[in-house]
Number of protein chains: 2
Amino acid sequence: MKADSTAPADPACAEALPSAARGGPVSHAVSRIARLHRIAAGRLLKGLGLYPGQELLMMHLWDGGAVRQSELIKAVDLDPSTVTKMLQRLDQAGHVSRRPDPDDRRAVLVEATEDSCGLHASVRSAWSSLEEHTLAGLDPAERAELARLLAKVEANLCQETDGCPGAG
Amino acid sequence: MKADSTAPADPACAEALPSAARGGPVSHAVSRIARLHRIAAGRLLKGLGLYPGQELLMMHLWDGGAVRQSELIKAVDLDPSTVTKMLQRLDQAGHVSRRPDPDDRRAVLVEATEDSCGLHASVRSAWSSLEEHTLAGLDPAERAELARLLAKVEANLCQETDGCPGAG
DNA sequence: GAAATTTACATGGTCGGCCAACTAAATCAC
DNA sequence: GTGATTTAGTTGGCCGACCATGTAAATTTC
């Protein structure tokens, strides 16, 4: 008494597909993949004391040494308030240090702590693992094609959305 | 001491790429696309009084009529607590109605309100628009290929992650 | 039929993420 | 130099989403 009168005229192929998937299959896939990808990242990062999202910030900090917070915001392309709160937590966790910029008294210089540098290799390893997990079963040509198509999609979504750094 | 000794041996091609993109280009793209896609969805849904994520719940409700909350949770594959809170807000906003299931006194029957049905067409239109925005500039073959590759990625990410409905 | 287990939701807390509004400092305009 | 504007960050509020925990009802077990 679950699927007797609920299936009007569609064959069996439609009963498992939510209308979201029919009306926008790629959008639907993006939503689901985003969540699964984030969960997978979270599992890998959990042992490192990081939450998903923080690793991107840290990677930028490990890349560039001490940077202005505004530079960091542009680099990760997030809302300033998001970065502020993430940095507050990363600061409290001992992963980053923040000090006022002597050259500009409203700016803040952010730097990865010495302690956090020990995480660098682990995070890179976790990301490699995540990448491999994500792309398992895809041959190099498929991976390249996926990367190419995702780049186009990203460019599309950047369009009309102000504040896209690499949307040239 | 910012960018003199920090650049060891890389040519100019590396200075614009964060290490996250080098260590996991697809993962990096997925993160960024997820965020941009969500923002794009949010803009389209804002005028409809919905927040991104809620539309998927509503679409399932519009699809199936009154459903048990547990069925809804399985359908959207989210954490039960997430669904509970979303439904509380959707209820308060007048988009859904919740009543106890007479056959199972711990279960809750959820249904889209009559009022919300007016949104159905708008949401479908918004999703079509989002899909087209996402896939602009991709020919049908590319779209199919992208959908195929994303399905493989989704299956990969579902693996080892319990609670994947369509991970057959 | 009583006890243990599973199922169905709800609650509280935490994070990432957004927007809106605010403060302080630097810069531009005059 | 004084005032307007931009820039830099912070705060508060909200939502999606997670986990861990708790409670009530149904189900299984004995």
# chains A, B, ... in the order shown; residues from 1 in each chain; ligands from 1
>>> calpha_fit_and_write(fixed="chain A", moving="chain B", output="mmCIF file with C-alpha atoms, in the first residue's frame")
data_model
loop_
_atom_site.group_PDB
_atom_site.id
_atom_site.type_symbol
_atom_site.label_atom_id
_atom_site.label_comp_id
_atom_site.auth_asym_id
_atom_site.auth_seq_id
_atom_site.Cartn_x
_atom_site.Cartn_y
_atom_site.Cartn_z
ATOM 1 C CA MET B 1 -4.085 6.025 -0.553
ATOM 2 C CA LYS B 2 -0.373 6.137 -0.866
ATOM 3 C CA ALA B 3 0.727 4.650 -4.124
ATOM 4 C CA ASP B 4 -2.329 3.655 -6.035
ATOM 5 C CA SER B 5 -3.578 6.820 -7.655
ATOM 6 C CA THR B 6 -0.331 8.680 -7.236
ATOM 7 C CA ALA B 7 1.348 6.839 -10.082
ATOM 8 C CA PRO B 8 -0.262 8.252 -13.167
ATOM 9 C CA ALA B 9 1.391 6.800 -16.211
ATOM 10 C CA ASP B 10 5.032 6.281 -15.429
ATOM 11 C CA PRO B 11 6.616 2.899 -15.726
ATOM 12 C CA ALA B 12 8.822 1.461 -13.045
ATOM 13 C CA CYS B 13 11.783 3.560 -14.055
ATOM 14 C CA ALA B 14 10.390 6.648 -12.403
ATOM 15 C CA GLU B 15 9.607 5.266 -9.009
ATOM 16 C CA ALA B 16 13.185 5.360 -7.759
ATOM 17 C CA LEU B 17 14.116 8.742 -9.176
ATOM 18 C CA PRO B 18 13.233 11.758 -7.116
ATOM 19 C CA SER B 19 11.867 14.574 -9.167
ATOM 20 C CA ALA B 20 14.904 16.593 -8.210
ATOM 21 C CA ALA B 21 17.082 14.174 -10.142
ATOM 22 C CA ARG B 22 14.765 14.284 -13.114
ATOM 23 C CA GLY B 23 14.479 18.036 -13.190
ATOM 24 C CA GLY B 24 18.170 18.714 -12.703
ATOM 25 C CA PRO B 25 20.343 15.633 -12.715
ATOM 26 C CA VAL B 26 23.662 17.451 -12.629
ATOM 27 C CA SER B 27 22.528 19.873 -9.964
ATOM 28 C CA HIS B 28 21.312 16.961 -7.939
ATOM 29 C CA ALA B 29 24.617 15.179 -8.384
ATOM 30 C CA VAL B 30 26.526 18.288 -7.419
ATOM 31 C CA SER B 31 24.585 18.594 -4.181
ATOM 32 C CA ARG B 32 25.108 14.997 -3.261
ATOM 33 C CA ILE B 33 28.740 14.898 -4.264
ATOM 34 C CA ALA B 34 29.432 18.075 -2.355
ATOM 35 C CA ARG B 35 28.062 16.534 0.789
ATOM 36 C CA LEU B 36 29.829 13.201 0.330
ATOM 37 C CA HIS B 37 33.056 14.912 -0.543
ATOM 38 C CA ARG B 38 32.832 17.068 2.542
ATOM 39 C CA ILE B 39 32.161 14.067 4.713
ATOM 40 C CA ALA B 40 35.106 12.232 3.210
ATOM 41 C CA ALA B 41 37.304 15.253 3.806
ATOM 42 C CA GLY B 42 36.036 15.494 7.349
ATOM 43 C CA ARG B 43 37.003 11.922 8.097
ATOM 44 C CA LEU B 44 40.485 12.419 6.784
ATOM 45 C CA LEU B 45 40.926 15.692 8.642
ATOM 46 C CA LYS B 46 39.409 14.581 11.892
ATOM 47 C CA GLY B 47 42.580 12.905 13.059
ATOM 48 C CA LEU B 48 44.495 16.080 12.303
ATOM 49 C CA GLY B 49 42.321 18.281 14.469
ATOM 50 C CA LEU B 50 40.857 20.171 11.542
ATOM 51 C CA TYR B 51 37.314 20.587 10.348
ATOM 52 C CA PRO B 52 36.427 20.509 6.676
ATOM 53 C CA GLY B 53 36.983 23.911 5.174
ATOM 54 C CA GLN B 54 39.738 24.869 7.539
ATOM 55 C CA GLU B 55 42.298 22.997 5.505
ATOM 56 C CA LEU B 56 41.857 25.371 2.587
ATOM 57 C CA LEU B 57 42.566 28.318 4.818
ATOM 58 C CA MET B 58 45.576 26.616 6.284
ATOM 59 C CA MET B 59 46.919 25.687 2.878
ATOM 60 C CA HIS B 60 46.829 29.296 1.836
ATOM 61 C CA LEU B 61 48.609 30.280 5.008
ATOM 62 C CA TRP B 62 51.217 27.599 4.572
ATOM 63 C CA ASP B 63 51.684 28.817 1.039
ATOM 64 C CA GLY B 64 52.156 32.464 1.646
ATOM 65 C CA GLY B 65 53.483 33.011 5.129
ATOM 66 C CA ALA B 66 51.985 35.976 6.938
ATOM 67 C CA VAL B 67 49.163 37.482 4.923
ATOM 68 C CA ARG B 68 46.577 40.119 5.504
ATOM 69 C CA GLN B 69 43.203 38.749 6.383
ATOM 70 C CA SER B 70 41.729 40.613 3.438
ATOM 71 C CA GLU B 71 44.134 38.811 1.116
ATOM 72 C CA LEU B 72 43.117 35.542 2.653
ATOM 73 C CA ILE B 73 39.477 36.357 2.157
ATOM 74 C CA LYS B 74 40.055 37.090 -1.495
ATOM 75 C CA ALA B 75 42.116 33.953 -1.888
ATOM 76 C CA VAL B 76 39.587 31.551 -0.462
ATOM 77 C CA ASP B 77 36.679 33.624 -1.763
ATOM 78 C CA LEU B 78 34.527 33.286 1.300
ATOM 79 C CA ASP B 79 32.438 35.696 3.271
ATOM 80 C CA PRO B 80 34.588 37.915 5.538
ATOM 81 C CA SER B 81 32.567 36.928 8.551
ATOM 82 C CA THR B 82 33.132 33.282 7.759
ATOM 83 C CA VAL B 83 36.856 33.783 7.632
ATOM 84 C CA THR B 84 36.819 35.796 10.833
ATOM 85 C CA LYS B 85 35.104 33.048 12.745
ATOM 86 C CA MET B 86 37.188 30.308 11.242
ATOM 87 C CA LEU B 87 40.336 32.197 12.177
ATOM 88 C CA GLN B 88 39.079 32.715 15.690
ATOM 89 C CA ARG B 89 38.666 28.985 16.060
ATOM 90 C CA LEU B 90 41.937 28.193 14.343
ATOM 91 C CA ASP B 91 43.608 30.720 16.615
ATOM 92 C CA GLN B 92 42.080 29.167 19.683
ATOM 93 C CA ALA B 93 43.175 25.772 18.446
ATOM 94 C CA GLY B 94 46.724 27.064 18.099
ATOM 95 C CA HIS B 95 46.902 26.650 14.348
ATOM 96 C CA VAL B 96 47.186 30.302 13.403
ATOM 97 C CA SER B 97 48.409 33.477 15.023
ATOM 98 C CA ARG B 98 46.909 36.893 14.412
ATOM 99 C CA ARG B 99 48.500 40.233 15.088
ATOM 100 C CA PRO B 100 47.615 43.727 13.994
ATOM 101 C CA ASP B 101 49.353 45.035 10.935
ATOM 102 C CA PRO B 102 51.635 47.904 11.980
ATOM 103 C CA ASP B 103 51.273 49.500 8.548
ATOM 104 C CA ASP B 104 47.479 49.477 8.660
ATOM 105 C CA ARG B 105 45.948 49.562 12.043
ATOM 106 C CA ARG B 106 42.632 48.122 10.924
ATOM 107 C CA ALA B 107 44.195 45.145 9.167
ATOM 108 C CA VAL B 108 45.176 41.833 10.707
ATOM 109 C CA LEU B 109 48.149 39.754 9.765
ATOM 110 C CA VAL B 110 47.488 36.054 9.863
ATOM 111 C CA GLU B 111 50.143 33.415 9.958
ATOM 112 C CA ALA B 112 50.274 29.688 10.409
ATOM 113 C CA THR B 113 51.907 28.803 13.684
ATOM 114 C CA GLU B 114 55.065 26.770 13.870
ATOM 115 C CA ASP B 115 53.040 24.076 15.494
ATOM 116 C CA SER B 116 50.615 23.905 12.600
ATOM 117 C CA CYS B 117 53.411 23.431 10.081
ATOM 118 C CA GLY B 118 53.653 19.860 11.252
ATOM 119 C CA LEU B 119 50.196 19.379 9.835
ATOM 120 C CA HIS B 120 51.177 20.612 6.421
ATOM 121 C CA ALA B 121 52.416 17.301 5.134
ATOM 122 C CA SER B 122 49.540 15.415 6.703
ATOM 123 C CA VAL B 123 46.981 17.696 5.144
ATOM 124 C CA ARG B 124 48.598 17.431 1.749
ATOM 125 C CA SER B 125 48.615 13.700 2.102
ATOM 126 C CA ALA B 126 44.980 13.733 3.139
ATOM 127 C CA TRP B 127 44.076 15.816 0.122
ATOM 128 C CA SER B 128 45.947 13.518 -2.197
ATOM 129 C CA SER B 129 44.135 10.622 -0.658
ATOM 130 C CA LEU B 130 40.825 12.401 -1.041
ATOM 131 C CA GLU B 131 41.576 13.232 -4.631
ATOM 132 C CA GLU B 132 42.452 9.656 -5.394
ATOM 133 C CA HIS B 133 39.374 8.416 -3.586
ATOM 134 C CA THR B 134 37.255 10.846 -5.555
ATOM 135 C CA LEU B 135 38.728 9.895 -8.892
ATOM 136 C CA ALA B 136 39.142 6.168 -8.360
ATOM 137 C CA GLY B 137 38.379 4.205 -11.440
ATOM 138 C CA LEU B 138 38.814 7.144 -13.796
ATOM 139 C CA ASP B 139 41.602 6.944 -16.294
ATOM 140 C CA PRO B 140 43.758 10.002 -16.950
ATOM 141 C CA ALA B 141 41.705 11.057 -19.936
ATOM 142 C CA GLU B 142 38.518 10.933 -17.906
ATOM 143 C CA ARG B 143 40.124 12.878 -15.109
ATOM 144 C CA ALA B 144 41.258 15.552 -17.484
ATOM 145 C CA GLU B 145 37.854 15.707 -19.070
ATOM 146 C CA LEU B 146 36.159 15.955 -15.711
ATOM 147 C CA ALA B 147 38.498 18.740 -14.648
ATOM 148 C CA ARG B 148 37.815 20.555 -17.875
ATOM 149 C CA LEU B 149 34.052 20.249 -17.550
ATOM 150 C CA LEU B 150 34.104 21.263 -13.913
ATOM 151 C CA ALA B 151 36.115 24.334 -14.821
ATOM 152 C CA LYS B 152 33.437 25.300 -17.313
ATOM 153 C CA VAL B 153 30.738 24.709 -14.737
ATOM 154 C CA GLU B 154 32.606 26.782 -12.220
ATOM 155 C CA ALA B 155 32.950 29.593 -14.706
ATOM 156 C CA ASN B 156 29.224 29.373 -15.379
ATOM 157 C CA LEU B 157 28.355 29.578 -11.724
ATOM 158 C CA CYS B 158 30.782 32.429 -11.177
ATOM 159 C CA GLN B 159 29.020 34.374 -13.851
ATOM 160 C CA GLU B 160 26.466 36.844 -12.526
ATOM 161 C CA THR B 161 27.847 36.075 -9.108
ATOM 162 C CA ASP B 162 30.043 38.965 -8.159
ATOM 163 C CA GLY B 163 33.241 38.264 -6.327
ATOM 164 C CA CYS B 164 34.740 35.516 -8.378
ATOM 165 C CA PRO B 165 38.499 35.818 -8.398
ATOM 166 C CA GLY B 166 39.312 33.537 -11.277
ATOM 167 C CA ALA B 167 36.350 34.327 -13.464
ATOM 168 C CA GLY B 168 38.344 35.715 -16.332
#
>>> select_by_dssp(residues="chain A", states="alpha helix (DSSP H)", output="PyMOL selection string")
chain A and resi 19-23+25-46+54-64+69-76+80-92+114-134+140-158
>>> interface_residues(of="chain D", to="chain B", cutoff="9 Å", atoms="only C-alpha atoms (C1' of nucleotides)", output="ChimeraX atom specification")
/D:15-18,24-26
>>> closest_atom_pairs(of="chain C", to="chain B", cutoff="9 Å", atoms="only C-alpha atoms (C1' of nucleotides)", output="CSV")
residue,atom,partner,partner_atom,distance
C:DT7,C1',B:Arg106,CA,8.9
C:DA8,C1',B:Ala107,CA,5.7
C:DC9,C1',B:Arg106,CA,7.4
C:DA10,C1',B:Thr84,CA,7.5
C:DT11,C1',B:Ser81,CA,8.9
C:DG17,C1',B:Arg35,CA,8.8
C:DC18,C1',B:Ile39,CA,8.7
>>> select_by_dssp(residues="region 63-130 of chain B", states="strand (DSSP E or B)", output="list in words")
Val67, Arg68, Val96, Ser97, Arg98, Arg99, Pro100, Asp101, Asp104, Arg105, Arg106, Ala107, Val108, Leu109, Val110, Glu111 and Ala112 of chain B
